[in-house]
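One file, final_18.pdb, carrying PDB, C-alpha atoms:
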```pdb
ATOM      1  CA  MET C   1      30.306-158.820 177.062
ATOM      2  CA  LYS C   2      28.161-161.486 178.652
ATOM      3  CA  LYS C   3      25.963-160.043 181.423
ATOM      4  CA  PHE C   4      27.794-156.691 181.354
ATOM      5  CA  LYS C   5      24.756-154.504 181.967
ATOM      6  CA  GLU C   6      23.708-156.755 184.834
ATOM      7  CA  LEU C   7      27.154-156.652 186.460
ATOM      8  CA  LEU C   8      27.440-152.885 185.973
ATOM      9  CA  PHE C   9      23.972-152.372 187.427
ATOM     10  CA  LEU C  10      24.730-154.519 190.487
ATOM     11  CA  SER C  11      27.977-152.625 191.107
ATOM     12  CA  ASN C  12      26.021-149.342 191.118
ATOM     13  CA  ILE C  13      23.539-150.387 193.798
ATOM     14  CA  ALA C  14      24.383-148.626 197.061
ATOM     15  CA  ARG C  15      26.103-150.888 199.618
ATOM     16  CA  VAL C  16      26.453-153.790 197.210
ATOM     17  CA  ASN C  17      30.183-154.422 197.053
ATOM     18  CA  LYS C  18      32.252-156.538 194.677
ATOM     19  CA  ALA C  19      32.557-159.451 197.097
ATOM     20  CA  LYS C  20      28.779-159.652 197.482
ATOM     21  CA  ILE C  21      28.331-159.666 193.710
ATOM     22  CA  HIS C  22      30.932-162.426 193.301
ATOM     23  CA  ASN C  23      29.594-164.569 196.116
ATOM     24  CA  GLU C  24      25.836-164.092 195.799
ATOM     25  CA  PHE C  25      24.956-162.870 192.320
ATOM     26  CA  VAL C  26      27.550-164.284 189.908
ATOM     27  CA  PRO C  27      26.524-167.922 190.618
ATOM     28  CA  ILE C  28      22.881-167.177 189.768
ATOM     29  CA  LEU C  29      23.079-164.535 187.024
ATOM     30  CA  SER C  30      22.720-167.097 184.237
ATOM     31  CA  LYS C  31      19.187-167.966 185.393
ATOM     32  CA  TYR C  32      17.915-164.454 184.527
ATOM     33  CA  LYS C  33      17.398-164.406 180.769
ATOM     34  CA  THR C  34      16.807-160.654 180.547
ATOM     35  CA  PHE C  35      17.931-157.578 182.441
ATOM     36  CA  ASP C  36      14.354-156.935 183.552
ATOM     37  CA  ASP C  37      14.220-160.406 185.093
ATOM     38  CA  LEU C  38      17.139-159.456 187.347
ATOM     39  CA  VAL C  39      15.535-156.134 188.322
ATOM     40  CA  ASP C  40      12.303-157.902 189.260
ATOM     41  CA  PHE C  41      14.262-160.352 191.415
ATOM     42  CA  LEU C  42      16.052-157.519 193.248
ATOM     43  CA  LYS C  43      12.847-155.681 194.129
ATOM     44  CA  LYS C  44      12.220-157.995 197.065
ATOM     45  CA  ASP C  45      15.424-156.824 198.795
ATOM     46  CA  TYR C  46      15.987-153.280 197.488
ATOM     47  CA  SER C  47      13.703-150.255 197.278
ATOM     48  CA  ASP C  48      12.521-148.877 193.964
ATOM     49  CA  SER C  49      14.390-145.610 194.577
ATOM     50  CA  LYS C  50      17.682-147.416 195.190
ATOM     51  CA  LEU C  51      17.271-149.488 192.031
ATOM     52  CA  GLU C  52      16.288-146.409 189.998
ATOM     53  CA  LYS C  53      19.443-144.555 191.113
ATOM     54  CA  ALA C  54      21.581-147.568 190.196
ATOM     55  CA  LEU C  55      19.943-147.729 186.776
ATOM     56  CA  GLU C  56      20.596-144.011 186.192
ATOM     57  CA  LYS C  57      24.301-144.482 186.970
ATOM     58  CA  THR C  58      24.422-147.550 184.746
ATOM     59  CA  ASP C  59      22.800-145.797 181.792
ATOM     60  CA  LYS C  60      25.132-142.809 182.202
ATOM     61  CA  ILE C  61      28.203-145.049 181.888
ATOM     62  CA  LEU C  62      26.721-146.978 178.976
ATOM     63  CA  ASN C  63      26.113-143.700 177.150
ATOM     64  CA  GLN C  64      29.766-142.708 177.654
ATOM     65  CA  LEU C  65      31.052-145.837 175.924
ATOM     66  CA  ALA C  66      32.156-145.428 172.333
ATOM     67  CA  ASP C  67      31.177-148.131 169.849
ATOM     68  CA  TYR C  68      34.776-149.331 169.599
ATOM     69  CA  VAL C  69      35.036-150.109 173.340
ATOM     70  CA  LYS C  70      34.702-153.815 174.058
ATOM     71  CA  ILE C  71      33.618-155.226 177.384
ATOM     72  CA  VAL C  72      35.210-158.419 178.705
ATOM     73  CA  THR C  73      33.320-159.801 181.704
ATOM     74  CA  ILE C  74      34.210-162.636 184.063
ATOM     75  CA  PHE C  75      31.885-164.797 181.951
ATOM     76  CA  ASP C  76      33.901-164.233 178.729
ATOM     77  CA  LYS C  77      36.679-166.509 177.468
ATOM     78  CA  ASP C  78      39.038-163.544 176.877
ATOM     79  CA  TYR C  79      38.998-162.584 180.566
ATOM     80  CA  PRO C  80      42.608-162.907 181.882
ATOM     81  CA  GLU C  81      43.108-166.139 183.833
ATOM     82  CA  GLY C  82      45.524-164.458 186.244
ATOM     83  CA  LEU C  83      42.890-162.004 187.446
ATOM     84  CA  LYS C  84      40.573-164.854 188.377
ATOM     85  CA  ASP C  85      43.066-165.749 191.129
ATOM     86  CA  MET C  86      41.925-162.603 192.949
ATOM     87  CA  GLY C  87      38.716-164.415 193.891
ATOM     88  CA  SER C  88      36.043-162.035 195.159
ATOM     89  CA  LYS C  89      38.386-159.078 194.533
ATOM     90  CA  ALA C  90      38.653-159.774 190.802
ATOM     91  CA  PRO C  91      37.221-157.074 188.528
ATOM     92  CA  LEU C  92      33.772-158.029 187.294
ATOM     93  CA  PHE C  93      34.511-156.647 183.844
ATOM     94  CA  LEU C  94      37.203-154.902 181.836
ATOM     95  CA  TYR C  95      36.887-152.081 179.329
ATOM     96  CA  VAL C  96      39.050-152.919 176.305
ATOM     97  CA  ILE C  97      39.991-151.088 173.126
ATOM     98  CA  GLY C  98      41.717-153.267 170.557
ATOM     99  CA  ASN C  99      42.430-156.975 170.380
ATOM    100  CA  SER C 100      41.066-158.613 173.548
ATOM    101  CA  LYS C 101      42.062-162.070 172.280
ATOM    102  CA  ILE C 102      45.676-161.471 173.349
ATOM    103  CA  LEU C 103      44.814-161.111 177.057
ATOM    104  CA  ASN C 104      45.635-164.774 177.734
ATOM    105  CA  LYS C 105      48.644-165.134 175.442
ATOM    106  CA  PRO C 106      52.103-165.834 176.941
ATOM    107  CA  ASN C 107      53.431-162.463 178.071
ATOM    108  CA  ILE C 108      55.944-160.514 180.104
ATOM    109  CA  ALA C 109      55.415-157.253 181.972
ATOM    110  CA  ILE C 110      58.245-154.730 181.665
ATOM    111  CA  ILE C 111      58.040-151.805 184.084
ATOM    112  CA  GLY C 112      60.197-149.203 185.814
ATOM    113  CA  THR C 113      60.819-145.587 186.689
ATOM    114  CA  ARG C 114      59.375-142.683 184.717
ATOM    115  CA  LYS C 115      62.871-141.164 184.555
ATOM    116  CA  PRO C 116      65.340-143.916 183.642
ATOM    117  CA  SER C 117      68.975-143.140 182.920
ATOM    118  CA  LEU C 118      70.034-143.010 179.285
ATOM    119  CA  ASP C 119      71.909-146.300 179.684
ATOM    120  CA  THR C 120      68.763-147.978 181.033
ATOM    121  CA  GLN C 121      66.665-146.552 178.201
ATOM    122  CA  ASN C 122      69.008-147.946 175.558
ATOM    123  CA  PHE C 123      69.345-151.326 177.247
ATOM    124  CA  GLU C 124      65.605-151.754 177.853
ATOM    125  CA  TYR C 125      64.636-150.947 174.273
ATOM    126  CA  LYS C 126      67.134-153.391 172.760
ATOM    127  CA  PHE C 127      66.482-156.108 175.357
ATOM    128  CA  THR C 128      62.715-155.852 174.859
ATOM    129  CA  ARG C 129      63.107-156.166 171.103
ATOM    130  CA  GLU C 130      65.174-159.321 171.637
ATOM    131  CA  ILE C 131      62.530-160.820 173.928
ATOM    132  CA  ILE C 132      59.834-160.162 171.339
ATOM    133  CA  GLU C 133      61.835-161.527 168.435
ATOM    134  CA  ARG C 134      63.027-164.622 170.305
ATOM    135  CA  THR C 135      59.824-165.536 172.148
ATOM    136  CA  GLU C 136      56.936-163.650 170.481
ATOM    137  CA  ARG C 137      55.611-162.864 173.956
ATOM    138  CA  VAL C 138      53.093-160.075 174.381
ATOM    139  CA  ILE C 139      54.614-157.109 176.198
ATOM    140  CA  VAL C 140      52.551-155.837 179.150
ATOM    141  CA  SER C 141      53.021-152.465 180.843
ATOM    142  CA  GLY C 142      51.163-149.504 182.281
ATOM    143  CA  LEU C 143      51.374-146.750 179.609
ATOM    144  CA  ALA C 144      53.325-144.446 181.920
ATOM    145  CA  LEU C 145      56.260-142.329 180.792
ATOM    146  CA  GLY C 146      59.782-143.723 181.034
ATOM    147  CA  CYS C 147      60.235-147.494 181.216
ATOM    148  CA  ASP C 148      56.574-148.293 180.451
ATOM    149  CA  LYS C 149      56.659-146.166 177.326
ATOM    150  CA  ILE C 150      59.928-147.734 176.164
ATOM    151  CA  ALA C 151      58.494-151.253 176.539
ATOM    152  CA  HIS C 152      55.349-150.399 174.563
ATOM    153  CA  THR C 153      57.359-148.505 171.934
ATOM    154  CA  ALA C 154      59.722-151.440 171.399
ATOM    155  CA  ALA C 155      56.711-153.661 170.696
ATOM    156  CA  VAL C 156      55.091-151.108 168.394
ATOM    157  CA  ASP C 157      58.341-150.630 166.451
ATOM    158  CA  ASP C 158      58.478-154.406 166.018
ATOM    159  CA  ARG C 159      54.829-154.359 164.882
ATOM    160  CA  SER C 160      54.085-156.713 167.750
ATOM    161  CA  GLU C 161      51.258-156.993 170.245
ATOM    162  CA  THR C 162      51.409-155.157 173.552
ATOM    163  CA  ILE C 163      48.873-154.673 176.357
ATOM    164  CA  ALA C 164      48.579-151.373 178.229
ATOM    165  CA  PHE C 165      46.746-151.407 181.572
ATOM    166  CA  LEU C 166      45.464-147.923 182.423
ATOM    167  CA  PRO C 167      45.036-146.144 185.790
ATOM    168  CA  CYS C 168      42.120-144.145 184.342
ATOM    169  CA  GLY C 169      39.223-144.269 181.906
ATOM    170  CA  PHE C 170      39.799-144.115 178.160
ATOM    171  CA  ASN C 171      38.683-140.466 177.983
ATOM    172  CA  LYS C 172      41.309-139.348 180.514
ATOM    173  CA  ILE C 173      44.600-140.660 179.071
ATOM    174  CA  GLU C 174      47.475-138.237 179.724
ATOM    175  CA  PRO C 175      49.769-136.802 178.418
ATOM    176  CA  ASP C 176      49.014-136.375 174.700
ATOM    177  CA  THR C 177      52.115-138.392 173.760
ATOM    178  CA  ASN C 178      50.541-141.365 175.511
ATOM    179  CA  LYS C 179      47.413-140.927 173.401
ATOM    180  CA  ARG C 180      49.523-141.206 170.260
ATOM    181  CA  LEU C 181      51.274-144.283 171.633
ATOM    182  CA  ALA C 182      47.902-145.781 172.606
ATOM    183  CA  GLY C 183      46.753-145.412 169.011
ATOM    184  CA  ASN C 184      49.906-147.133 167.754
ATOM    185  CA  ILE C 185      49.375-149.996 170.204
ATOM    186  CA  ILE C 186      45.865-150.636 168.863
ATOM    187  CA  GLU C 187      46.996-150.267 165.248
ATOM    188  CA  ASN C 188      49.584-153.032 165.747
ATOM    189  CA  GLY C 189      47.164-155.587 167.180
ATOM    190  CA  GLY C 190      47.541-154.738 170.848
ATOM    191  CA  CYS C 191      44.981-153.407 173.289
ATOM    192  CA  LEU C 192      44.268-150.926 176.058
ATOM    193  CA  VAL C 193      42.642-152.280 179.222
ATOM    194  CA  SER C 194      40.940-150.420 182.066
ATOM    195  CA  VAL C 195      38.637-151.263 184.948
ATOM    196  CA  PHE C 196      37.597-147.613 185.182
ATOM    197  CA  ALA C 197      34.622-145.981 183.489
ATOM    198  CA  PRO C 198      35.537-143.703 180.533
ATOM    199  CA  ASN C 199      35.554-140.391 182.441
ATOM    200  CA  VAL C 200      37.456-141.540 185.554
ATOM    201  CA  SER C 201      40.771-139.705 186.062
ATOM    202  CA  SER C 202      43.952-141.286 187.391
ATOM    203  CA  SER C 203      44.715-141.093 191.113
ATOM    204  CA  GLU C 204      47.161-142.670 193.563
ATOM    205  CA  LYS C 205      44.559-145.308 194.440
ATOM    206  CA  ASN C 206      43.915-146.050 190.784
ATOM    207  CA  PHE C 207      47.634-146.397 190.078
ATOM    208  CA  ASN C 208      47.824-149.070 192.790
ATOM    209  CA  ILE C 209      44.825-150.878 191.300
ATOM    210  CA  ARG C 210      46.435-150.729 187.840
ATOM    211  CA  ASN C 211      49.722-152.055 189.259
ATOM    212  CA  GLU C 212      48.007-155.071 190.802
ATOM    213  CA  PHE C 213      46.339-155.964 187.510
ATOM    214  CA  VAL C 214      49.635-155.663 185.611
ATOM    215  CA  ALA C 215      51.216-158.057 188.108
ATOM    216  CA  LEU C 216      48.460-160.662 188.228
ATOM    217  CA  ALA C 217      47.799-160.689 184.483
ATOM    218  CA  SER C 218      51.466-161.390 183.668
ATOM    219  CA  ASP C 219      53.601-164.542 183.472
ATOM    220  CA  CYS C 220      56.752-162.677 184.477
ATOM    221  CA  VAL C 221      57.491-159.164 185.739
ATOM    222  CA  LEU C 222      60.775-157.589 184.655
ATOM    223  CA  ALA C 223      61.626-154.503 186.701
ATOM    224  CA  MET C 224      63.983-152.129 184.961
ATOM    225  CA  GLU C 225      65.529-149.217 186.874
ATOM    226  CA  CYS C 226      63.478-148.377 189.984
ATOM    227  CA  SER C 227      63.801-146.907 193.460
ATOM    228  CA  LYS C 228      62.865-148.838 196.577
ATOM    229  CA  GLU C 229      59.875-146.550 197.228
ATOM    230  CA  SER C 230      58.520-146.574 193.677
ATOM    231  CA  GLY C 231      55.275-147.734 192.132
ATOM    232  CA  THR C 232      57.339-150.357 190.332
ATOM    233  CA  MET C 233      58.052-151.999 193.680
ATOM    234  CA  ASN C 234      54.331-151.898 194.368
ATOM    235  CA  THR C 235      53.782-153.966 191.219
ATOM    236  CA  VAL C 236      56.628-156.343 192.094
ATOM    237  CA  ASN C 237      55.179-156.975 195.542
ATOM    238  CA  PHE C 238      51.817-157.845 194.000
ATOM    239  CA  ALA C 239      53.581-160.203 191.586
ATOM    240  CA  LYS C 240      56.006-162.030 193.883
ATOM    241  CA  ASN C 241      53.544-164.766 194.845
ATOM    242  CA  SER C 242      51.908-165.149 191.453
ATOM    243  CA  CYS C 243      54.588-165.085 188.749
ATOM    244  CA  LYS C 244      58.304-164.998 187.999
ATOM    245  CA  ILE C 245      60.305-161.904 188.937
ATOM    246  CA  ALA C 246      63.354-160.535 187.135
ATOM    247  CA  THR C 247      65.236-157.283 187.481
ATOM    248  CA  TYR C 248      67.888-155.313 185.670
ATOM    249  CA  LEU C 249      70.995-154.411 187.683
ATOM    250  CA  PRO C 250      74.029-153.329 185.643
ATOM    251  CA  ASP C 251      77.537-153.489 187.044
ATOM    252  CA  ASP C 252      77.700-149.678 186.967
ATOM    253  CA  THR C 253      74.724-148.187 188.825
ATOM    254  CA  SER C 254      76.155-144.691 189.208
ATOM    255  CA  ASN C 255      73.920-143.177 186.499
ATOM    256  CA  GLY C 256      70.551-144.138 187.996
ATOM    257  CA  ASP C 257      68.566-145.129 191.069
ATOM    258  CA  PHE C 258      68.658-148.918 191.407
ATOM    259  CA  THR C 259      67.781-149.207 195.099
ATOM    260  CA  GLY C 260      64.594-151.070 194.210
ATOM    261  CA  ASN C 261      66.435-153.490 191.946
ATOM    262  CA  LYS C 262      68.910-154.311 194.710
ATOM    263  CA  TYR C 263      66.050-154.832 197.143
ATOM    264  CA  ILE C 264      64.382-157.286 194.748
ATOM    265  CA  LEU C 265      67.516-159.389 194.468
ATOM    266  CA  ASN C 266      68.129-159.340 198.229
ATOM    267  CA  LYS C 267      64.572-159.933 199.435
ATOM    268  CA  ILE C 268      62.578-161.748 196.750
ATOM    269  CA  PHE C 269      63.535-165.385 196.586
ATOM    270  CA  ASN C 270      64.798-166.714 193.242
ATOM    271  CA  SER C 271      64.386-163.414 191.402
ATOM    272  CA  PHE C 272      66.470-163.362 188.233
ATOM    273  CA  LYS C 273      69.277-160.855 187.761
ATOM    274  CA  ILE C 274      69.979-159.314 184.359
ATOM    275  CA  SER C 275      73.214-157.338 184.133
ATOM    276  CA  SER C 276      73.892-157.311 180.404
ATOM    277  CA  PHE C 277      73.013-158.943 177.105
ATOM    278  CA  ASP C 278      75.194-161.868 178.167
ATOM    279  CA  ASP C 279      72.283-162.894 180.415
ATOM    280  CA  LEU C 280      69.751-163.083 177.568
ATOM    281  CA  GLU C 281      69.974-166.826 176.904
ATOM    282  CA  ASP C 282      69.651-167.722 180.596
ATOM    283  CA  PHE C 283      66.764-165.306 180.959
ATOM    284  CA  LEU C 284      64.887-166.845 178.034
ATOM    285  CA  GLU C 285      65.377-170.251 179.657
ATOM    286  CA  PHE C 286      64.147-168.806 182.964
ATOM    287  CA  LEU C 287      60.949-167.605 181.257
ATOM    288  CA  VAL C 288      59.893-171.074 180.114
ATOM    289  CA  SER C 289      61.452-173.419 182.645
ATOM    290  CA  GLU C 290      59.724-174.790 185.727
ATOM    291  CA  ASP C 291      62.991-175.990 187.236
ATOM    292  CA  PHE C 292      65.432-173.303 186.146
ATOM    293  CA  GLU C 293      68.669-173.261 188.112
ATOM    294  CA  GLN C 294      70.038-169.741 188.405
ATOM    295  CA  LYS C 295      73.791-169.240 188.428
ATOM    296  CA  ILE C 296      75.383-166.253 190.172
ATOM    297  CA  VAL C 297      79.116-165.806 189.676
ATOM    298  CA  TYR C 298      81.364-163.991 192.176
ATOM    299  CA  LYS C 299      85.053-163.150 192.104
ATOM    300  CA  THR C 300      86.863-163.839 195.380
ATOM    301  CA  LYS C 301      89.748-161.744 196.739
ATOM    302  CA  ASN C 302      92.331-164.136 195.349
ATOM    303  CA  GLU C 303      90.700-163.892 191.906
ATOM    304  CA  LYS C 304      89.149-167.349 192.074
ATOM    305  CA  GLN C 305      85.635-167.746 190.744
ATOM    306  CA  LEU C 306      82.776-168.746 193.049
ATOM    307  CA  THR C 307      79.530-169.897 191.425
ATOM    308  CA  LEU C 308      76.333-169.987 193.476
ATOM    309  CA  LYS C 309      73.538-172.134 192.024
ATOM    310  CA  VAL C 310      69.980-171.697 193.288
ATOM    311  CA  ASN C 311      67.113-173.955 192.201
ATOM    312  CA  PRO C 312      63.393-173.118 192.534
ATOM    313  CA  ASN C 313      63.153-175.109 195.776
ATOM    314  CA  GLY C 314      65.678-172.869 197.479
ATOM    315  CA  GLN C 315      68.534-175.353 197.493
ATOM    316  CA  CYS C 316      71.937-173.759 197.046
ATOM    317  CA  THR C 317      75.224-175.236 195.890
ATOM    318  CA  PHE C 318      78.641-173.597 195.645
ATOM    319  CA  GLU C 319      81.407-174.333 193.167
ATOM    320  CA  PHE C 320      84.976-172.961 193.206
ATOM    321  CA  GLU C 321      87.056-172.715 190.071
TER     322      GLU C 321
END
```
File written out as structure tokens:
Amino acid sequence: MKKFKELLFLSNIARVNKAKIHNEFVPILSKYKTFDDLVDFLKKDYSDSKLEKALEKTDKILNQLADYVKIVTIFDKDYPEGLKDMGSKAPLFLYVIGNSKILNKPNIAIIGTRKPSLDTQNFEYKFTREIIERTERVIVSGLALGCDKIAHTAAVDDRSETIAFLPCGFNKIEPDTNKRLAGNIIENGGCLVSVFAPNVSSSEKNFNIRNEFVALASDCVLAMECSKESGTMNTVNFAKNSCKIATYLPDDTSNGDFTGNKYILNKIFNSFKISSFDDLEDFLEFLVSEDFEQKIVYKTKNEKQLTLKVNPNGQCTFEFE
């Protein structure tokens, strides 16, 4: 938690935004050996009343923090590398409960609707267990009901590490079943991560913030069942320029809403399609390969097989059999 109090204090000064802290204060914070040194420096530009109000807000948040809450700042080695790509928009610090050392381990985010079909539920749980057992990747998700909960539960049942990014502070986790799951995540070597102070409740804005962090902190985003207008698509759109994208689309989509999954495959270049367990080996290769060539097989009207191959550079080749 290097320079946490200083960063928290700066973020509580009226009209001092995150970009200003990143651009003006972060480069020079190391020169102030104590917190009081920083306060003395700020007095030339900010009134005593403004600094006193910022200090009151800072102390209030510090008093809300339980002893078991860790702080990972942009100066700490555990800070996720992917979030640094946000530049001046990157969070200055993260509140963490659990094992912060896993934040930079190879991972995969698994996300989706809060109300997946039974077929999707069964497939996701088994597929996630296979990913864990075959790759030992940390599972990342957002501790929501439905697909998020299934992903975390699969990791917990495997006694494996999983990271839950929250849209709220640690004191506002809902519903109670999520609190139980959160405890299981920590018990099995995983962690909970939030950019929100302990007593901040979830909101639509905070869900969007959480979704962006899930996307940028992950090596790959796997979207299970999702609608085109869902929060899952919000996460996918954040991720499409920063990591690999995969999506589940079974042959029979009659039991769920897969409009988002179809959109991903149609609009996001080189996204990987998973239809069944037969795709597991190719998907595992996709996760680690820089030059993976995806194969998509079609049946023509005369029952001949057409194979479309797409490489990461966008080059396509067709083969008839």
Determine, counting only C-alpha atoms, which protein, DNA and RNA residues have an atom within 12 Å of an atom of range 2-6 of chain C; residues of the same chain fewer than 4 positions away are not included. Present the result as a PyMOL selection string.
chain C and resi 10-13+21+25-26+28-39+42+54-55+57-63+70-79+91-95
- request: Figure out the distance between CA of Ile131 in chain C and CA of Leu83 in chain C, please, to one decimal in Å.
  value: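 CA of Ile131 in chain C lies at a distance of 23.9 Å from CA of Leu83 in chain C.
One distance worth recording is that between CA of Cys191 in chain C and CA of Glu130 in chain C, which is 21.1 Å.
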Please provide as a compact mmCIF listing (two decimals) with C-alpha atoms, in the frame of the given file all residues within 12 Å of Phe283 in chain C, with the sequence filter that same-chain residues fewer than 2 positions apart are discarded (counting all atoms listed in the file).
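Output (selection-v2.txt):
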```txt
# COMPACT_ATOMS: atom_id res chain seq x y z
CA ILE C 108 55.94 -160.51 180.10
CA PHE C 127 66.48 -156.11 175.36
CA THR C 128 62.72 -155.85 174.86
CA GLU C 130 65.17 -159.32 171.64
CA ILE C 131 62.53 -160.82 173.93
CA ARG C 134 63.03 -164.62 170.30
CA THR C 135 59.82 -165.54 172.15
CA CYS C 220 56.75 -162.68 184.48
CA LEU C 222 60.78 -157.59 184.66
CA LYS C 244 58.30 -165.00 188.00
CA ILE C 245 60.30 -161.90 188.94
CA ALA C 246 63.35 -160.54 187.14
CA THR C 247 65.24 -157.28 187.48
CA TYR C 248 67.89 -155.31 185.67
CA SER C 271 64.39 -163.41 191.40
CA PHE C 272 66.47 -163.36 188.23
CA LYS C 273 69.28 -160.85 187.76
CA ILE C 274 69.98 -159.31 184.36
CA SER C 275 73.21 -157.34 184.13
CA SER C 276 73.89 -157.31 180.40
CA PHE C 277 73.01 -158.94 177.10
CA ASP C 278 75.19 -161.87 178.17
CA ASP C 279 72.28 -162.89 180.42
CA LEU C 280 69.75 -163.08 177.57
CA GLU C 281 69.97 -166.83 176.90
CA GLU C 285 65.38 -170.25 179.66
CA PHE C 286 64.15 -168.81 182.96
CA LEU C 287 60.95 -167.60 181.26
CA VAL C 288 59.89 -171.07 180.11
CA SER C 289 61.45 -173.42 182.64
CA PHE C 292 65.43 -173.30 186.15
CA GLU C 293 68.67 -173.26 188.11
CA GLN C 294 70.04 -169.74 188.40
CA LYS C 295 73.79 -169.24 188.43
```
| query | What separation in Å, quoted to one decimal, exists between CA of Gly146 in chain C and CA of Lys115 in chain C? | reply |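 According to the coordinates, CA of Gly146 in chain C and CA of Lys115 in chain C are separated by 5.3 Å.
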Of C:Val138, C:Ile110, C:Ile185, C:Val200, the one nearest to Thr235 in chain C when counting only C-alpha atoms is C:Ile110
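Restricting the calculation to all atoms listed in the file, the smallest distance between Lys205 in chain C and any of C:Gly87, C:Pro80, C:Gly231, C:Gly98 is found for C:Gly231.
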_Neighbour list for range 257-265 of chain C as a PyMOL selection string, cut-off 12 Å, all atoms listed in the file, skip fewer than 2 positions in-chain_ = chain C and resi 111-117+119-120+221-237+239-240+244-255+267-275+296
- prompt: Which is closer to Gly142 in chain C than all the others in C:Leu8, C:Ala182, C:Leu118, C:Met1, using all atoms listed in the file?
  reply: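 Checking each of C:Leu8, C:Ala182, C:Leu118, C:Met1 against Gly142 in chain C, counting all atoms listed in the file, the winner is C:Ala182.
In terms of minimum interatomic distance to Lys84 in chain C, C:Ala217 ranks closest within C:Glu52, C:Ala217, C:Cys243, C:Thr162, counting only C-alpha atoms.
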For this session: Point out the residue among C:Asn241, C:Gln64, C:Ser202, C:Asn104 with the least atom-to-atom distance to Pro175 in chain C, counting all atoms listed in the file.
Result: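 Closest to Pro175 in chain C, using all atoms listed in the file: C:Ser202.
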Under the PyMOL selection byres ((chain C and resi 163) around 8), which residues of this model are included? Write them out as a JSON list (two decimals) with C-alpha atoms, in the coordinates of the input.
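This went into part.json:
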```
[["chain", "number", "residue", "atom", "x", "y", "z"],
["C", 103, "LEU", "CA", 44.81, -161.11, 177.06],
["C", 138, "VAL", "CA", 53.09, -160.07, 174.38],
["C", 139, "ILE", "CA", 54.61, -157.11, 176.20],
["C", 140, "VAL", "CA", 52.55, -155.84, 179.15],
["C", 141, "SER", "CA", 53.02, -152.46, 180.84],
["C", 152, "HIS", "CA", 55.35, -150.40, 174.56],
["C", 161, "GLU", "CA", 51.26, -156.99, 170.24],
["C", 162, "THR", "CA", 51.41, -155.16, 173.55],
["C", 164, "ALA", "CA", 48.58, -151.37, 178.23],
["C", 165, "PHE", "CA", 46.75, -151.41, 181.57],
["C", 185, "ILE", "CA", 49.38, -150.00, 170.20],
["C", 190, "GLY", "CA", 47.54, -154.74, 170.85],
["C", 191, "CYS", "CA", 44.98, -153.41, 173.29],
["C", 192, "LEU", "CA", 44.27, -150.93, 176.06],
["C", 193, "VAL", "CA", 42.64, -152.28, 179.22]]
```
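Closest approach to Ile132 in chain C among C:Asn171, C:Asn107, C:Ser49, C:Asn188 is made by C:Asn107 (distances from only C-alpha atoms).
With the shown file loaded, the PyMOL selection byres ((chain C and resi 19) around 9) picks out Val16, Asn17, Lys18, Lys20, Ile21, His22, Asn23, Glu24, Gly87, Ser88, Lys89 and Ala90 of chain C.
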